[in-house]
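*Asks:* Provided below: query02.pdb, containing PDB, C-alpha atoms.
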```pdb
ATOM      1  CA  MET A   1    -150.815 -60.987  56.815
ATOM      2  CA  LYS A   2    -150.368 -64.757  56.941
ATOM      3  CA  ALA A   3    -148.617 -66.693  54.181
ATOM      4  CA  TYR A   4    -147.054 -70.099  53.665
ATOM      5  CA  VAL A   5    -143.544 -70.476  52.236
ATOM      6  CA  ILE A   6    -141.134 -73.201  51.222
ATOM      7  CA  GLN A   7    -138.244 -72.669  53.610
ATOM      8  CA  GLY A   8    -135.266 -74.624  54.876
ATOM      9  CA  GLY A   9    -135.400 -77.450  52.341
ATOM     10  CA  PHE A  10    -137.804 -79.424  50.217
ATOM     11  CA  GLY A  11    -140.845 -81.488  51.132
ATOM     12  CA  LEU A  12    -144.119 -80.840  52.928
ATOM     13  CA  ASP A  13    -142.312 -80.642  56.265
ATOM     14  CA  HIS A  14    -140.723 -77.432  54.964
ATOM     15  CA  ILE A  15    -143.983 -75.586  54.307
ATOM     16  CA  VAL A  16    -143.940 -72.928  57.006
ATOM     17  CA  GLU A  17    -146.535 -70.330  58.001
ATOM     18  CA  VAL A  18    -145.049 -66.833  58.246
ATOM     19  CA  ASP A  19    -146.166 -63.265  58.936
ATOM     20  CA  ARG A  20    -145.488 -60.708  56.217
ATOM     21  CA  GLN A  21    -146.436 -57.117  55.569
ATOM     22  CA  ILE A  22    -149.319 -56.571  53.184
ATOM     23  CA  PRO A  23    -147.641 -55.627  49.888
ATOM     24  CA  THR A  24    -148.253 -52.337  48.080
ATOM     25  CA  PRO A  25    -149.100 -52.346  44.366
ATOM     26  CA  ALA A  26    -146.714 -50.486  42.072
ATOM     27  CA  ARG A  27    -147.469 -48.937  38.674
ATOM     28  CA  GLY A  28    -149.814 -51.188  36.681
ATOM     29  CA  GLU A  29    -150.340 -53.565  39.616
ATOM     30  CA  VAL A  30    -153.262 -54.387  41.913
ATOM     31  CA  LEU A  31    -153.538 -55.684  45.460
ATOM     32  CA  ILE A  32    -155.739 -58.765  45.786
ATOM     33  CA  ARG A  33    -157.255 -60.212  48.955
ATOM     34  CA  MET A  34    -157.278 -63.930  48.258
ATOM     35  CA  LYS A  35    -160.554 -65.809  48.686
ATOM     36  CA  ALA A  36    -159.578 -69.359  47.661
ATOM     37  CA  VAL A  37    -156.762 -71.285  46.009
ATOM     38  CA  SER A  38    -156.666 -74.727  44.433
ATOM     39  CA  LEU A  39    -153.952 -77.346  44.190
ATOM     40  CA  ASN A  40    -152.207 -78.990  41.234
ATOM     41  CA  SER A  41    -149.796 -81.909  40.936
ATOM     42  CA  ARG A  42    -147.177 -79.381  39.891
ATOM     43  CA  ASP A  43    -147.341 -77.853  43.370
ATOM     44  CA  ILE A  44    -146.051 -81.086  44.925
ATOM     45  CA  GLY A  45    -143.281 -81.195  42.305
ATOM     46  CA  VAL A  46    -142.230 -77.653  43.212
ATOM     47  CA  ILE A  47    -142.376 -78.331  46.949
ATOM     48  CA  ASN A  48    -140.329 -81.529  46.549
ATOM     49  CA  GLY A  49    -137.665 -79.827  44.416
ATOM     50  CA  PHE A  50    -138.467 -81.869  41.293
ATOM     51  CA  TYR A  51    -138.848 -78.892  38.952
ATOM     52  CA  ASN A  52    -136.124 -76.653  40.347
ATOM     53  CA  PRO A  53    -133.579 -78.093  42.786
ATOM     54  CA  GLU A  54    -132.021 -74.594  42.967
ATOM     55  CA  LEU A  55    -135.270 -72.962  44.094
ATOM     56  CA  LYS A  56    -134.721 -69.622  45.802
ATOM     57  CA  GLU A  57    -136.156 -69.660  49.322
ATOM     58  CA  PRO A  58    -138.358 -68.587  50.938
ATOM     59  CA  LEU A  59    -140.980 -68.935  48.199
ATOM     60  CA  VAL A  60    -144.774 -68.777  48.455
ATOM     61  CA  PRO A  61    -146.087 -71.823  46.542
ATOM     62  CA  LEU A  62    -149.249 -72.436  44.471
ATOM     63  CA  SER A  63    -150.374 -70.835  41.241
ATOM     64  CA  ASP A  64    -154.176 -71.071  41.165
ATOM     65  CA  GLY A  65    -156.611 -68.888  43.019
ATOM     66  CA  VAL A  66    -159.272 -66.222  43.037
ATOM     67  CA  GLY A  67    -159.514 -63.026  45.005
ATOM     68  CA  GLU A  68    -161.012 -59.568  45.277
ATOM     69  CA  ILE A  69    -159.175 -56.427  44.197
ATOM     70  CA  VAL A  70    -158.798 -54.107  47.185
ATOM     71  CA  SER A  71    -156.297 -51.523  45.925
ATOM     72  CA  LEU A  72    -155.032 -50.185  42.595
ATOM     73  CA  GLY A  73    -151.520 -49.090  41.786
ATOM     74  CA  GLU A  74    -150.772 -46.007  39.710
ATOM     75  CA  GLN A  75    -152.133 -46.255  36.140
ATOM     76  CA  ALA A  76    -153.923 -49.532  36.887
ATOM     77  CA  GLY A  77    -157.339 -49.118  35.263
ATOM     78  CA  LYS A  78    -158.311 -52.454  33.747
ATOM     79  CA  PHE A  79    -160.252 -53.564  36.840
ATOM     80  CA  ARG A  80    -162.276 -51.905  39.586
ATOM     81  CA  ILE A  81    -161.921 -52.262  43.339
ATOM     82  CA  GLY A  82    -164.196 -55.086  44.457
ATOM     83  CA  GLU A  83    -163.925 -57.099  41.232
ATOM     84  CA  ARG A  84    -163.161 -60.806  41.466
ATOM     85  CA  VAL A  85    -160.161 -61.982  39.461
ATOM     86  CA  SER A  86    -157.867 -64.933  38.879
ATOM     87  CA  ALA A  87    -154.229 -64.796  37.865
ATOM     88  CA  ILE A  88    -153.028 -66.474  34.694
ATOM     89  CA  PHE A  89    -150.484 -69.216  35.369
ATOM     90  CA  THR A  90    -147.794 -67.846  33.034
ATOM     91  CA  GLN A  91    -147.924 -64.147  33.779
ATOM     92  CA  ASN A  92    -146.399 -62.836  30.559
ATOM     93  CA  TRP A  93    -148.070 -65.255  28.107
ATOM     94  CA  LYS A  94    -150.926 -63.108  26.909
ATOM     95  CA  SER A  95    -151.746 -64.677  23.515
ATOM     96  CA  GLY A  96    -150.272 -66.472  20.514
ATOM     97  CA  GLU A  97    -147.530 -69.074  20.697
ATOM     98  CA  ALA A  98    -145.513 -69.533  23.847
ATOM     99  CA  THR A  99    -141.871 -68.460  23.924
ATOM    100  CA  PRO A 100    -138.931 -69.594  26.082
ATOM    101  CA  GLU A 101    -139.220 -66.269  27.909
ATOM    102  CA  ASN A 102    -142.700 -67.168  29.101
ATOM    103  CA  TRP A 103    -141.458 -69.927  31.388
ATOM    104  CA  VAL A 104    -139.728 -67.517  33.767
ATOM    105  CA  SER A 105    -143.101 -65.954  34.635
ATOM    106  CA  SER A 106    -144.965 -68.924  36.130
ATOM    107  CA  LEU A 107    -146.605 -68.375  39.496
ATOM    108  CA  GLY A 108    -145.547 -70.592  42.382
ATOM    109  CA  SER A 109    -142.072 -71.039  40.831
ATOM    110  CA  PRO A 110    -140.093 -69.191  39.816
ATOM    111  CA  LEU A 111    -142.425 -66.300  40.746
ATOM    112  CA  GLU A 112    -144.017 -65.999  44.179
ATOM    113  CA  GLY A 113    -147.268 -67.933  44.405
ATOM    114  CA  LEU A 114    -150.701 -67.352  45.893
ATOM    115  CA  LEU A 115    -150.772 -69.153  49.246
ATOM    116  CA  ALA A 116    -150.967 -65.835  51.081
ATOM    117  CA  GLU A 117    -153.796 -63.690  52.366
ATOM    118  CA  TYR A 118    -152.810 -60.797  50.062
ATOM    119  CA  VAL A 119    -150.870 -60.747  46.798
ATOM    120  CA  VAL A 120    -149.812 -58.065  44.332
ATOM    121  CA  LEU A 121    -149.904 -58.859  40.624
ATOM    122  CA  PRO A 122    -149.755 -56.924  37.341
ATOM    123  CA  GLU A 123    -153.255 -56.241  36.059
ATOM    124  CA  GLU A 124    -152.211 -57.622  32.661
ATOM    125  CA  GLY A 125    -151.751 -61.008  34.325
ATOM    126  CA  LEU A 126    -155.348 -61.224  35.551
ATOM    127  CA  VAL A 127    -158.744 -62.241  34.171
ATOM    128  CA  ARG A 128    -162.310 -61.818  35.412
ATOM    129  CA  VAL A 129    -163.949 -65.084  36.449
ATOM    130  CA  PRO A 130    -167.470 -66.347  35.630
ATOM    131  CA  GLN A 131    -169.953 -64.763  37.997
ATOM    132  CA  HIS A 132    -172.012 -67.913  38.628
ATOM    133  CA  LEU A 133    -169.039 -69.748  40.144
ATOM    134  CA  THR A 134    -168.299 -69.779  43.843
ATOM    135  CA  ASP A 135    -164.834 -68.686  44.981
ATOM    136  CA  ILE A 136    -163.907 -72.321  45.532
ATOM    137  CA  GLU A 137    -164.982 -73.253  42.002
ATOM    138  CA  ALA A 138    -163.380 -70.221  40.363
ATOM    139  CA  ALA A 139    -160.056 -71.002  42.055
ATOM    140  CA  THR A 140    -159.817 -74.272  40.095
ATOM    141  CA  LEU A 141    -159.621 -72.667  36.648
ATOM    142  CA  PRO A 142    -156.115 -71.265  35.978
ATOM    143  CA  CYS A 143    -154.084 -74.472  35.529
ATOM    144  CA  ALA A 144    -156.377 -77.485  35.289
ATOM    145  CA  GLY A 145    -159.165 -75.700  33.459
ATOM    146  CA  VAL A 146    -156.969 -73.851  30.980
ATOM    147  CA  THR A 147    -154.820 -76.949  30.342
ATOM    148  CA  ALA A 148    -157.898 -79.010  29.470
ATOM    149  CA  TRP A 149    -159.371 -76.193  27.355
ATOM    150  CA  HIS A 150    -156.066 -75.830  25.492
ATOM    151  CA  ALA A 151    -155.926 -79.586  24.841
ATOM    152  CA  ILE A 152    -159.557 -80.172  23.878
ATOM    153  CA  VAL A 153    -160.569 -76.935  22.163
ATOM    154  CA  GLU A 154    -157.629 -74.722  21.217
ATOM    155  CA  GLU A 155    -155.205 -77.427  19.985
ATOM    156  CA  GLY A 156    -157.397 -80.527  19.799
ATOM    157  CA  LYS A 157    -160.292 -78.898  17.957
ATOM    158  CA  VAL A 158    -162.506 -81.718  19.203
ATOM    159  CA  LYS A 159    -165.843 -81.800  17.386
ATOM    160  CA  ALA A 160    -169.199 -83.541  17.621
ATOM    161  CA  GLY A 161    -168.928 -87.274  17.043
ATOM    162  CA  ASP A 162    -165.258 -87.538  18.013
ATOM    163  CA  THR A 163    -164.115 -90.075  20.586
ATOM    164  CA  VAL A 164    -161.937 -88.666  23.355
ATOM    165  CA  VAL A 165    -160.028 -90.724  25.932
ATOM    166  CA  VAL A 166    -159.316 -89.037  29.264
ATOM    167  CA  GLN A 167    -156.895 -90.650  31.707
ATOM    168  CA  GLY A 168    -157.860 -90.483  35.365
ATOM    169  CA  THR A 169    -160.287 -88.334  37.333
ATOM    170  CA  GLY A 170    -158.164 -85.475  38.611
ATOM    171  CA  GLY A 171    -158.729 -81.818  37.850
ATOM    172  CA  VAL A 172    -157.448 -81.710  34.258
ATOM    173  CA  SER A 173    -159.174 -84.982  33.418
ATOM    174  CA  LEU A 174    -162.606 -83.915  34.623
ATOM    175  CA  PHE A 175    -162.323 -80.536  32.924
ATOM    176  CA  ALA A 176    -161.345 -82.372  29.723
ATOM    177  CA  LEU A 177    -164.400 -84.616  30.119
ATOM    178  CA  GLN A 178    -166.672 -81.610  30.579
ATOM    179  CA  PHE A 179    -165.203 -79.618  27.676
ATOM    180  CA  ALA A 180    -165.269 -82.620  25.327
ATOM    181  CA  LYS A 181    -168.944 -83.189  26.120
ATOM    182  CA  LEU A 182    -169.652 -79.501  25.400
ATOM    183  CA  GLN A 183    -168.188 -80.134  21.933
ATOM    184  CA  GLY A 184    -170.472 -83.139  21.397
ATOM    185  CA  ALA A 185    -167.807 -85.830  21.714
ATOM    186  CA  GLN A 186    -168.033 -89.358  23.077
ATOM    187  CA  VAL A 187    -165.759 -89.658  26.107
ATOM    188  CA  ILE A 188    -163.980 -92.699  27.519
ATOM    189  CA  VAL A 189    -162.498 -92.319  31.012
ATOM    190  CA  THR A 190    -159.830 -94.608  32.461
ATOM    191  CA  SER A 191    -159.372 -95.095  36.200
ATOM    192  CA  SER A 192    -158.302 -97.724  38.711
ATOM    193  CA  SER A 193    -161.522 -97.143  40.684
ATOM    194  CA  ASP A 194    -164.979 -98.380  39.694
ATOM    195  CA  ASP A 195    -166.494 -95.809  42.034
ATOM    196  CA  LYS A 196    -164.686 -92.962  40.283
ATOM    197  CA  LEU A 197    -165.713 -94.343  36.890
ATOM    198  CA  ALA A 198    -169.324 -94.337  38.035
ATOM    199  CA  ARG A 199    -168.972 -90.726  39.158
ATOM    200  CA  ALA A 200    -167.392 -89.813  35.829
ATOM    201  CA  LYS A 201    -170.327 -91.379  34.005
ATOM    202  CA  ALA A 202    -172.669 -89.285  36.116
ATOM    203  CA  LEU A 203    -170.836 -86.247  34.746
ATOM    204  CA  GLY A 204    -171.420 -87.401  31.174
ATOM    205  CA  ALA A 205    -168.700 -89.950  30.383
ATOM    206  CA  ASP A 206    -169.968 -92.499  27.855
ATOM    207  CA  HIS A 207    -167.701 -95.375  28.824
ATOM    208  CA  GLY A 208    -165.276 -96.262  31.604
ATOM    209  CA  ILE A 209    -162.258 -98.584  31.638
ATOM    210  CA  ASN A 210    -160.716 -99.855  34.864
ATOM    211  CA  TYR A 211    -157.060-100.137  33.854
ATOM    212  CA  LYS A 212    -156.249-102.261  36.906
ATOM    213  CA  ARG A 213    -158.544-104.992  35.593
ATOM    214  CA  LYS A 214    -157.922-104.302  31.906
ATOM    215  CA  LEU A 215    -154.190-103.739  31.799
ATOM    216  CA  GLU A 216    -154.342-103.506  28.004
ATOM    217  CA  TRP A 217    -156.796-100.615  28.147
ATOM    218  CA  ASP A 218    -155.750 -99.572  24.649
ATOM    219  CA  LYS A 219    -157.396-102.727  23.306
ATOM    220  CA  ALA A 220    -160.558-101.850  25.218
ATOM    221  CA  VAL A 221    -160.575 -98.454  23.494
ATOM    222  CA  LEU A 222    -160.213-100.169  20.114
ATOM    223  CA  GLU A 223    -163.081-102.515  20.957
ATOM    224  CA  TYR A 224    -165.293 -99.614  21.995
ATOM    225  CA  THR A 225    -164.547 -97.783  18.735
ATOM    226  CA  GLN A 226    -164.972-100.901  16.551
ATOM    227  CA  GLY A 227    -161.267-100.975  15.788
ATOM    228  CA  ARG A 228    -161.065 -97.368  14.608
ATOM    229  CA  GLY A 229    -159.314 -95.892  17.648
ATOM    230  CA  ALA A 230    -159.796 -92.633  19.500
ATOM    231  CA  ASP A 231    -159.689 -89.255  17.790
ATOM    232  CA  HIS A 232    -158.035 -87.605  20.757
ATOM    233  CA  ILE A 233    -156.344 -88.862  23.907
ATOM    234  CA  VAL A 234    -155.483 -86.664  26.893
ATOM    235  CA  ASP A 235    -152.410 -88.409  28.317
ATOM    236  CA  LEU A 236    -151.649 -87.605  31.930
ATOM    237  CA  GLY A 237    -149.653 -90.705  32.771
ATOM    238  CA  GLY A 238    -146.581 -90.018  30.683
ATOM    239  CA  GLY A 239    -143.929 -92.700  31.053
ATOM    240  CA  GLU A 240    -146.169 -95.755  31.442
ATOM    241  CA  THR A 241    -149.123 -94.671  29.337
ATOM    242  CA  LEU A 242    -147.840 -92.972  26.191
ATOM    243  CA  ASN A 243    -147.216 -96.178  24.221
ATOM    244  CA  ARG A 244    -150.717 -97.441  25.006
ATOM    245  CA  SER A 245    -152.121 -94.063  24.025
ATOM    246  CA  ILE A 246    -150.431 -94.428  20.637
ATOM    247  CA  SER A 247    -151.861 -97.942  20.324
ATOM    248  CA  ALA A 248    -155.378 -96.685  21.111
ATOM    249  CA  LEU A 249    -155.246 -93.811  18.630
ATOM    250  CA  LYS A 250    -156.994 -93.642  15.265
ATOM    251  CA  VAL A 251    -154.987 -92.947  12.122
ATOM    252  CA  GLY A 252    -154.380 -89.203  12.120
ATOM    253  CA  GLY A 253    -155.477 -88.804  15.743
ATOM    254  CA  GLN A 254    -153.922 -86.546  18.372
ATOM    255  CA  ILE A 255    -152.438 -87.181  21.788
ATOM    256  CA  SER A 256    -152.245 -84.212  24.135
ATOM    257  CA  ILE A 257    -149.306 -84.844  26.469
ATOM    258  CA  VAL A 258    -150.327 -83.174  29.713
ATOM    259  CA  GLY A 259    -148.878 -85.037  32.675
ATOM    260  CA  ILE A 260    -146.063 -87.235  33.922
ATOM    261  CA  LEU A 261    -147.869 -89.021  36.739
ATOM    262  CA  SER A 262    -146.230 -92.371  35.931
ATOM    263  CA  GLY A 263    -142.847 -91.050  34.841
ATOM    264  CA  ALA A 264    -141.153 -88.222  32.967
ATOM    265  CA  SER A 265    -139.523 -90.362  30.277
ATOM    266  CA  VAL A 266    -140.625 -93.211  28.024
ATOM    267  CA  GLU A 267    -138.439 -96.247  27.442
ATOM    268  CA  GLY A 268    -139.017 -97.973  24.124
ATOM    269  CA  LEU A 269    -141.232 -95.323  22.561
ATOM    270  CA  ALA A 270    -143.390 -97.053  19.939
ATOM    271  CA  ILE A 271    -142.151 -95.117  16.919
ATOM    272  CA  VAL A 272    -143.397 -97.531  14.248
ATOM    273  CA  PRO A 273    -146.999 -97.642  15.575
ATOM    274  CA  ALA A 274    -146.866 -93.850  15.849
ATOM    275  CA  ILE A 275    -145.821 -93.588  12.204
ATOM    276  CA  LEU A 276    -148.451 -96.073  11.057
ATOM    277  CA  ARG A 277    -151.130 -94.085  12.861
ATOM    278  CA  ARG A 278    -149.750 -90.735  11.697
ATOM    279  CA  ALA A 279    -149.988 -89.836  15.350
ATOM    280  CA  ARG A 280    -149.848 -86.177  16.328
ATOM    281  CA  LEU A 281    -148.244 -85.701  19.739
ATOM    282  CA  GLN A 282    -148.847 -82.232  21.137
ATOM    283  CA  ALA A 283    -147.391 -81.238  24.490
ATOM    284  CA  ILE A 284    -149.655 -78.918  26.469
ATOM    285  CA  ASN A 285    -148.291 -76.473  29.053
ATOM    286  CA  VAL A 286    -151.346 -74.713  30.538
ATOM    287  CA  GLY A 287    -152.172 -71.786  28.214
ATOM    288  CA  SER A 288    -152.311 -68.064  27.552
ATOM    289  CA  ARG A 289    -154.508 -65.326  28.962
ATOM    290  CA  ALA A 290    -156.501 -65.341  25.701
ATOM    291  CA  MET A 291    -157.245 -69.062  26.159
ATOM    292  CA  PHE A 292    -158.311 -68.435  29.768
ATOM    293  CA  GLU A 293    -160.694 -65.707  28.641
ATOM    294  CA  ASN A 294    -162.117 -67.882  25.840
ATOM    295  CA  MET A 295    -162.679 -70.715  28.305
ATOM    296  CA  ASN A 296    -164.453 -68.416  30.741
ATOM    297  CA  VAL A 297    -166.892 -67.338  28.024
ATOM    298  CA  ALA A 298    -167.793 -70.984  27.381
ATOM    299  CA  ILE A 299    -168.055 -71.799  31.092
ATOM    300  CA  GLU A 300    -170.355 -68.850  31.665
ATOM    301  CA  HIS A 301    -172.491 -69.573  28.593
ATOM    302  CA  HIS A 302    -173.017 -73.240  29.533
ATOM    303  CA  ARG A 303    -173.173 -72.571  33.291
ATOM    304  CA  LEU A 304    -170.538 -75.258  33.716
ATOM    305  CA  ARG A 305    -169.368 -75.988  37.244
ATOM    306  CA  PRO A 306    -165.928 -77.383  38.133
ATOM    307  CA  ILE A 307    -165.745 -80.514  40.263
ATOM    308  CA  VAL A 308    -164.272 -79.982  43.727
ATOM    309  CA  ASP A 309    -163.143 -83.014  45.700
ATOM    310  CA  LYS A 310    -162.576 -81.384  49.064
ATOM    311  CA  GLU A 311    -162.046 -77.963  50.630
ATOM    312  CA  PHE A 312    -159.748 -77.066  53.514
ATOM    313  CA  PRO A 313    -159.438 -73.898  55.615
ATOM    314  CA  PHE A 314    -156.317 -71.769  55.155
ATOM    315  CA  SER A 315    -155.064 -72.933  58.549
ATOM    316  CA  GLN A 316    -154.948 -76.522  57.185
ATOM    317  CA  ALA A 317    -153.042 -75.752  53.986
ATOM    318  CA  VAL A 318    -150.396 -78.397  54.665
ATOM    319  CA  GLU A 319    -153.101 -81.023  55.270
ATOM    320  CA  ALA A 320    -154.625 -80.064  51.925
ATOM    321  CA  LEU A 321    -151.268 -80.611  50.230
ATOM    322  CA  ARG A 322    -150.917 -83.983  51.945
ATOM    323  CA  HIS A 323    -154.343 -84.947  50.612
ATOM    324  CA  LEU A 324    -153.141 -83.993  47.135
ATOM    325  CA  ALA A 325    -149.964 -86.059  47.526
ATOM    326  CA  GLU A 326    -152.023 -89.133  48.468
ATOM    327  CA  GLY A 327    -153.587 -89.081  45.001
ATOM    328  CA  SER A 328    -157.059 -90.294  46.008
ATOM    329  CA  TYR A 329    -158.975 -87.177  44.978
ATOM    330  CA  PHE A 330    -161.755 -86.793  42.408
ATOM    331  CA  GLY A 331    -161.540 -83.364  40.795
ATOM    332  CA  LYS A 332    -159.879 -80.411  42.500
ATOM    333  CA  ILE A 333    -158.728 -79.669  46.054
ATOM    334  CA  SER A 334    -159.319 -76.134  47.304
ATOM    335  CA  ILE A 335    -158.192 -74.019  50.249
ATOM    336  CA  VAL A 336    -160.543 -71.323  51.541
ATOM    337  CA  PHE A 337    -159.294 -68.138  53.225
TER
END
```
Represent the structure of the file as structure tokens.
*Replies:*
Amino acid sequence: MKAYVIQGGFGLDHIVEVDRQIPTPARGEVLIRMKAVSLNSRDIGVINGFYNPELKEPLVPLSDGVGEIVSLGEQAGKFRIGERVSAIFTQNWKSGEATPENWVSSLGSPLEGLLAEYVVLPEEGLVRVPQHLTDIEAATLPCAGVTAWHAIVEEGKVKAGDTVVVQGTGGVSLFALQFAKLQGAQVIVTSSSDDKLARAKALGADHGINYKRKLEWDKAVLEYTQGRGADHIVDLGGGETLNRSISALKVGGQISIVGILSGASVEGLAIVPAILRRARLQAINVGSRAMFENMNVAIEHHRLRPIVDKEFPFSQAVEALRHLAEGSYFGKISIVF
């Protein structure tokens, strides 16, 4: 079978196509023929050595995908041959609160990822995907979808009439927009592109703020909410956005810290404004299998469809990763086998 691995160093120039034997499932495992995978910002961080400079090579990258079960290991009976499944991002986080032990079971680092024609995984680390979704759409769910669901529904408990601010128009952001609208919320989207804001409005966003033209976008949020502030803000920027998120928040509101696109640390964190607003800052790290399954029920019930920016063939996997690194996408990037 064909697979891609990180080998000989870090960076996209060290993503190498290799031939491997098709693996054999052990007790409680299944063999999956991959149909599609999707990309996340984390994948670039892994490939560039940001998350683990001591990464053990060679390693198959990527964590998100969908495939068809083609073989069952001994005592594997949760799924049938031919069923379509996705892997959960953190393989041993089934339900409840996360533990430090969970973080050693993330696909695509430190565990082998999914950018291979066949993979073997424990059946307990898999979920069935909504039947109405294409393979390309289903492949987008494990990280971006579950992260947004965790932020908006599981932790955020967003309800009808709330105002939610979503930063950007990547995968997590658009899922957050869609899930917030399912809850009946008003959604404000920020972006540096008027075209992307228009596309977000077509998906249901109620208001858009171009943060390149309105550098103080927090004030624009306050104006839109008549000075009250947002109930919930999904912060993907990190270093350069967290203080403005605090400024744009209502008293008692919540910020879901999801990304670090503008930096992994915050200089001069606005502690006093945070106290005055009784701000709740909740870090979100994808989610459990139970959250994934809950999300899939909602997606199937509402016939929701993920937003895919572009699809690439498996032979152009490196080009797909370069497209991700450029940062110009709207929604998710998928690779089709």
*Asks:* Find the spatial neighbours of Ser191 in chain A, counting all atoms listed in the file, within a cut-off of 8 Å - ignore same-chain residues fewer than 5 positions away - and output them as a list in words.
*Replies:*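 Using all atoms listed in the file, the neighbours found are Gln167, Gly168, Thr169, Lys196, Leu197, Gly208, Ile209, Asn210, Tyr211 and Lys212 of chain A.
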*Asks:* Which is closer to Ala148 in chain A than all the others in A:Val30, A:Ala320, A:Leu242, A:Ile233, using only C-alpha atoms?
*Replies:*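 When distances to Ala148 in chain A are compared using only C-alpha atoms, the smallest one comes from A:Ile233.
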*Asks:* Select, from A:Pro61, A:Pro100, A:Pro53, A:Gly28, the residue with the minimum atom-to-atom distance to Ile15 in chain A, counting all atoms listed in the file.
*Replies:*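 For Ile15 in chain A, the nearest of the candidates is A:Pro61.
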*Asks:* Excluding Thr140 in chain A and residues on its chain fewer than 5 positions from it, collect all residues at most 7 Å away from it, counting all atoms listed in the file, and give them as a compact mmCIF listing (two decimals) with C-alpha atoms, in the frame of the given file.
*Replies:*
```
# COMPACT_ATOMS: atom_id res chain seq x y z
CA SER A 38 -156.67 -74.73 44.43
CA ASP A 64 -154.18 -71.07 41.16
CA GLY A 65 -156.61 -68.89 43.02
CA GLY A 145 -159.16 -75.70 33.46
CA LYS A 332 -159.88 -80.41 42.50
```
*Asks:* Check what the PyMOL selection byres ((chain A and resi 106) around 12) selects in the file above and give those residues as a VMD selection string.
*Replies:* chain A and resid 42 to 43 46 61 to 64 87 to 93 100 to 105 107 to 114 125 142 to 143 285 to 288
*Asks:* With C-alpha atoms retained, write the just-selected residues as a PDB file, in the frame of the given file.
*Replies:*
```
ATOM      1  CA  ARG A  42    -147.177 -79.381  39.891  1.00  0.00           C
ATOM      2  CA  ASP A  43    -147.341 -77.853  43.370  1.00  0.00           C
ATOM      3  CA  VAL A  46    -142.230 -77.653  43.212  1.00  0.00           C
ATOM      4  CA  PRO A  61    -146.087 -71.823  46.542  1.00  0.00           C
ATOM      5  CA  LEU A  62    -149.249 -72.436  44.471  1.00  0.00           C
ATOM      6  CA  SER A  63    -150.374 -70.835  41.241  1.00  0.00           C
ATOM      7  CA  ASP A  64    -154.176 -71.071  41.165  1.00  0.00           C
ATOM      8  CA  ALA A  87    -154.229 -64.796  37.865  1.00  0.00           C
ATOM      9  CA  ILE A  88    -153.028 -66.474  34.694  1.00  0.00           C
ATOM     10  CA  PHE A  89    -150.484 -69.216  35.369  1.00  0.00           C
ATOM     11  CA  THR A  90    -147.794 -67.846  33.034  1.00  0.00           C
ATOM     12  CA  GLN A  91    -147.924 -64.147  33.779  1.00  0.00           C
ATOM     13  CA  ASN A  92    -146.399 -62.836  30.559  1.00  0.00           C
ATOM     14  CA  TRP A  93    -148.070 -65.255  28.107  1.00  0.00           C
ATOM     15  CA  PRO A 100    -138.931 -69.594  26.082  1.00  0.00           C
ATOM     16  CA  GLU A 101    -139.220 -66.269  27.909  1.00  0.00           C
ATOM     17  CA  ASN A 102    -142.700 -67.168  29.101  1.00  0.00           C
ATOM     18  CA  TRP A 103    -141.458 -69.927  31.388  1.00  0.00           C
ATOM     19  CA  VAL A 104    -139.728 -67.517  33.767  1.00  0.00           C
ATOM     20  CA  SER A 105    -143.101 -65.954  34.635  1.00  0.00           C
ATOM     21  CA  LEU A 107    -146.605 -68.375  39.496  1.00  0.00           C
ATOM     22  CA  GLY A 108    -145.547 -70.592  42.382  1.00  0.00           C
ATOM     23  CA  SER A 109    -142.072 -71.039  40.831  1.00  0.00           C
ATOM     24  CA  PRO A 110    -140.093 -69.191  39.816  1.00  0.00           C
ATOM     25  CA  LEU A 111    -142.425 -66.300  40.746  1.00  0.00           C
ATOM     26  CA  GLU A 112    -144.017 -65.999  44.179  1.00  0.00           C
ATOM     27  CA  GLY A 113    -147.268 -67.933  44.405  1.00  0.00           C
ATOM     28  CA  LEU A 114    -150.701 -67.352  45.893  1.00  0.00           C
ATOM     29  CA  GLY A 125    -151.751 -61.008  34.325  1.00  0.00           C
ATOM     30  CA  PRO A 142    -156.115 -71.265  35.978  1.00  0.00           C
ATOM     31  CA  CYS A 143    -154.084 -74.472  35.529  1.00  0.00           C
ATOM     32  CA  ASN A 285    -148.291 -76.473  29.053  1.00  0.00           C
ATOM     33  CA  VAL A 286    -151.346 -74.713  30.538  1.00  0.00           C
ATOM     34  CA  GLY A 287    -152.172 -71.786  28.214  1.00  0.00           C
ATOM     35  CA  SER A 288    -152.311 -68.064  27.552  1.00  0.00           C
TER      36      SER A 288
END
```
*Asks:* What residues come out when you apply the PyMOL selection byres ((chain A and resi 121) around 8) to this file, written as a PyMOL selection string?
*Replies:* chain A and resi 25+29-32+87+119-120+122-123+125-126
*Asks:* Which residue gives the smallest distance to Gly204 in chain A among A:Val187, A:Ala220, A:Ala36, A:Ile136, with only C-alpha atoms counted?
*Replies:*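 Among the listed residues, the smallest separation from Gly204 in chain A belongs to A:Val187.
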*Asks:* Excluding Gly11 in chain A and any residue of its chain fewer than 2 positions from it, enumerate the residues within 6 Å of it, using all atoms listed in the file, and give them as a JSON list (two decimals) with C-alpha atoms, keeping the file's coordinate frame.
*Replies:*
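Output file part_23.json is given in full below:
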```json
[["chain", "number", "residue", "atom", "x", "y", "z"],
["A", 13, "ASP", "CA", -142.31, -80.64, 56.26],
["A", 14, "HIS", "CA", -140.72, -77.43, 54.96],
["A", 47, "ILE", "CA", -142.38, -78.33, 46.95],
["A", 48, "ASN", "CA", -140.33, -81.53, 46.55]]
```
*Asks:* Please, what distance in Å, to one decimal, runs between CA of Thr225 in chain A and CA of Gln178 in chain A?
*Replies:*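 About the pair CA of Thr225 in chain A and CA of Gln178 in chain A: they are 20.2 Å apart.
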